[in-house]
Amino acid sequence: MDFFQFASYAEGFIPIRENAAGGIENNMWIALLVGGLCFLIVYIFQAVGLYTIAKRAGYGNKWMAFVPFFNMYYVGVCSQKNRIYGMKAKNFALIPALLEVVLVVGYVIYYVAMFTVWNYIQWDTNTMESGIYGGTVTYYTPAGFSADMPASYNWLGWSFLHLEDYVLIWLGLAFIIVRMLLLMAFFRTYSARQYIIFSVVGALLPLSGILIYAVRNNTGMSYSDYLRRVREQNYRMYQQQYGNPYNQNPYNNGGYNNNGYNNGYGGYNGNGGTQGQGSAPDPFDEYGSSSSSGNGSSYGGAPSDGDPGTSSGGGRQDGSPFDEFK
């Protein structure tokens, strides 16, 4: 199929001109030649890529990588570590392989019809101003066939005029879709990081062989394994940058055990109440204390003369915080 896709690209660069006899020259063979050369180059790259992958993975029937149509199926064989909507990739590969056969047969009929009825085609001419090179450009489009065309060529004439527009274009669209799904399974296996762009480019353009060759040395894996490895790698990077949050206990580090109840002011479980430097101050010292020791004073004040509740000794003294008002 890639052969005819390359040929269709080459047709856009081949001008249609009148010959000396007034007829239109048939230069479509140039498009087929250019398309064939481009296809051969890409095909060799694809065959070598598939063969290398199959050899490294130990897949059998490696000869399929070199045979047209079979190589499309063999892409599925090399992608069997992944599934396509629950279907094994090698089973799904039968769909694009069969569609490719139908499309190639259709395009062979189209080009055979073109070369057969070319001399009987009646052309319409359209002139258009050229905005690039200046002047005018004449376009030729087939409008029908001359009356002297043999009746046995009628189906060939219809094939030339309508087969591509009515049949092959829709089959080609279906082929693009199923080939893209197959390539997604393949590149998920051998290039999971770039599988979307590789699959889209390989399905829309005839370059899948180059992309297959580019990933031939990669180790195949299922896409689920790839996602698991990515998650593990991201988690390891997170641990290296921020540490493991699950191994930190706020109740053991800082918090209650550090500088909290165990440390500040000597703590309840530390030195408080047993060592002077760790005991907490009495918040009511300014109003006096119900008991004092060793200084012969109470509530932080001197004893009053003649007060029955005072004593000049060093023992316990009872007094009132309102003595100054007596």
# chains A, B, ... in the order shown; residues from 1 in each chain; ligands from 1

call {"tool": "residues_around", "arguments": {"residues": "stretch 15-30 of chain A", "least_positions_apart": "4", "cutoff": "10 Å", "atoms": "only C-alpha atoms", "output": "PyMOL selection string"}}
result
chain A and resi 7-8+10-11+34-36+111+114-115+118-123+138-141

call {"tool": "residues_around", "arguments": {"residues": "stretch 209-223 of chain A", "least_positions_apart": "6", "cutoff": "7 Å", "atoms": "only C-alpha atoms", "output": "MDAnalysis selection string"}}
result
chainID A and resid 42:43 45:46 48:49 52:53 81:82 188:192 198

call {"tool": "select_by_dssp", "arguments": {"residues": "stretch 176-208 of chain A", "states": "alpha helix (DSSP H)", "output": "list in words"}}
result
Ile176, Ile177, Val178, Arg179, Met180, Leu181, Leu182, Leu183, Met184, Ala185, Phe186, Phe187, Arg188, Thr189, Tyr190, Tyr195, Ile196, Ile197, Phe198, Ser199, Val200, Val201, Gly202, Ala203, Leu204 and Ser208 of chain A

call {"tool": "write_last_selection", "arguments": {"atoms": "C-alpha atoms", "output": "compact mmCIF listing (two decimals), in the first residue's frame"}}
result
# COMPACT_ATOMS: atom_id res chain seq x y z
CA ILE A 176 -5.43 4.04 8.15
CA ILE A 177 -7.52 3.56 11.30
CA VAL A 178 -6.76 -0.13 11.81
CA ARG A 179 -3.09 0.32 10.94
CA MET A 180 -2.85 3.11 13.49
CA LEU A 181 -4.28 0.82 16.17
CA LEU A 182 -1.81 -1.89 15.23
CA LEU A 183 1.11 0.54 15.28
CA MET A 184 -0.01 1.80 18.68
CA ALA A 185 0.33 -1.72 20.05
CA PHE A 186 3.74 -2.06 18.37
CA PHE A 187 5.19 1.24 19.58
CA ARG A 188 3.70 0.77 23.04
CA THR A 189 5.84 -2.35 23.16
CA TYR A 190 9.10 -0.85 21.87
CA TYR A 195 4.06 5.71 20.84
CA ILE A 196 1.33 8.24 19.96
CA ILE A 197 3.34 10.40 17.58
CA PHE A 198 5.06 7.36 16.02
CA SER A 199 1.71 5.65 15.44
CA VAL A 200 0.04 8.70 13.90
CA VAL A 201 2.96 9.47 11.59
CA GLY A 202 3.33 5.82 10.59
CA ALA A 203 -0.38 5.50 9.78
CA LEU A 204 -0.82 8.76 7.83
CA SER A 208 6.31 3.30 9.37

call {"tool": "atom_distance", "arguments": {"atom1": "atom CA of A:Met1", "atom2": "atom CA of A:Asp165"}}
result
16.6 Å

call {"tool": "closest_residue", "arguments": {"among": "A:Ser224, A:Asp124, A:Trp170, A:Tyr107", "to": "A:Arg83", "atoms": "only C-alpha atoms"}}
result
A:Ser224

call {"tool": "residues_around", "arguments": {"residues": "A:Tyr73", "least_positions_apart": "6", "cutoff": "7 Å", "atoms": "only C-alpha atoms", "output": "ChimeraX atom specification"}}
result
/A:90,93-94,97

call {"tool": "write_last_selection", "arguments": {"atoms": "N, CA, C and O atoms", "output": "PDB file, in the first residue's frame"}}
result
ATOM      1  N   LYS A  90      -1.489 -10.019  17.376  1.00  0.00           N
ATOM      2  CA  LYS A  90      -1.238 -10.805  16.167  1.00  0.00           C
ATOM      3  C   LYS A  90      -2.540 -11.240  15.498  1.00  0.00           C
ATOM      4  O   LYS A  90      -2.569 -11.439  14.281  1.00  0.00           O
ATOM      5  N   ALA A  93      -3.868  -8.044  13.766  1.00  0.00           N
ATOM      6  CA  ALA A  93      -3.066  -7.687  12.597  1.00  0.00           C
ATOM      7  C   ALA A  93      -3.604  -8.303  11.319  1.00  0.00           C
ATOM      8  O   ALA A  93      -3.268  -7.843  10.214  1.00  0.00           O
ATOM      9  N   LEU A  94      -4.430  -9.334  11.414  1.00  0.00           N
ATOM     10  CA  LEU A  94      -5.024  -9.917  10.208  1.00  0.00           C
ATOM     11  C   LEU A  94      -5.943  -8.922   9.496  1.00  0.00           C
ATOM     12  O   LEU A  94      -6.079  -8.969   8.270  1.00  0.00           O
ATOM     13  N   ALA A  97      -3.863  -6.446   7.422  1.00  0.00           N
ATOM     14  CA  ALA A  97      -3.194  -7.220   6.366  1.00  0.00           C
ATOM     15  C   ALA A  97      -4.165  -7.540   5.228  1.00  0.00           C
ATOM     16  O   ALA A  97      -3.825  -7.399   4.043  1.00  0.00           O
TER      17      ALA A  97
END

call {"tool": "select_by_dssp", "arguments": {"residues": "stretch 82-200 of chain A", "states": "strand (DSSP E or B)", "output": "list in words"}}
result
Arg83, Ile84, Met87, Lys88, Ile121, Gln122, Trp123, Asp124, Thr125, Asn126, Thr127, Met128, Glu129, Thr136, Val137, Thr138, Tyr139, Tyr140, Thr141, Pro142, Ala143, Gly144 and Phe145 of chain A

call {"tool": "closest_residue", "arguments": {"among": "A:Asn126, A:Asp2, A:Val117, A:Ala174", "to": "A:Asp148", "atoms": "only C-alpha atoms"}}
result
A:Val117

call {"tool": "residues_around", "arguments": {"residues": "A:Glu100", "least_positions_apart": "3", "cutoff": "9 Å", "atoms": "only C-alpha atoms", "output": "list in words"}}
result
Met1, Phe69, Met72, Ile95, Pro96, Ala97, Leu103, Val104, Val105, Gly172 and Phe175 of chain A

call {"tool": "residues_around", "arguments": {"residues": "A:Trp155", "least_positions_apart": "5", "cutoff": "10 Å", "atoms": "only C-alpha atoms", "output": "number ranges by chain"}}
result
A: 113, 160-161

call {"tool": "atom_distance", "arguments": {"atom1": "atom CA of A:Gly58", "atom2": "atom CA of A:Tyr226"}}
result
20.8 Å

call {"tool": "residues_around", "arguments": {"residues": "A:Ala54", "least_positions_apart": "5", "cutoff": "7 Å", "atoms": "only C-alpha atoms", "output": "VMD selection string"}}
result
chain A and resid 59 62 78

call {"tool": "write_last_selection", "arguments": {"atoms": "N, CA and C atoms", "output": "PDB file, in the first residue's frame"}}
result
ATOM      1  N   TYR A  59      11.064 -14.783  18.310  1.00  0.00           N
ATOM      2  CA  TYR A  59       9.843 -15.130  17.588  1.00  0.00           C
ATOM      3  C   TYR A  59      10.173 -15.974  16.361  1.00  0.00           C
ATOM      4  N   LYS A  62      10.493 -15.753  11.020  1.00  0.00           N
ATOM      5  CA  LYS A  62      11.081 -14.431  10.761  1.00  0.00           C
ATOM      6  C   LYS A  62      11.092 -14.082   9.278  1.00  0.00           C
ATOM      7  N   CYS A  78       5.138  -9.221  16.528  1.00  0.00           N
ATOM      8  CA  CYS A  78       6.140  -8.551  17.357  1.00  0.00           C
ATOM      9  C   CYS A  78       5.510  -7.666  18.429  1.00  0.00           C
TER      10      CYS A  78
END

call {"tool": "atom_distance", "arguments": {"atom1": "atom CA of A:Phe3", "atom2": "atom CA of A:Phe39"}}
result
5.1 Å

call {"tool": "residues_around", "arguments": {"residues": "stretch 64-68 of chain A", "least_positions_apart": "5", "cutoff": "7 Å", "atoms": "only C-alpha atoms", "output": "number ranges by chain"}}
result
A: 47, 50-51, 74
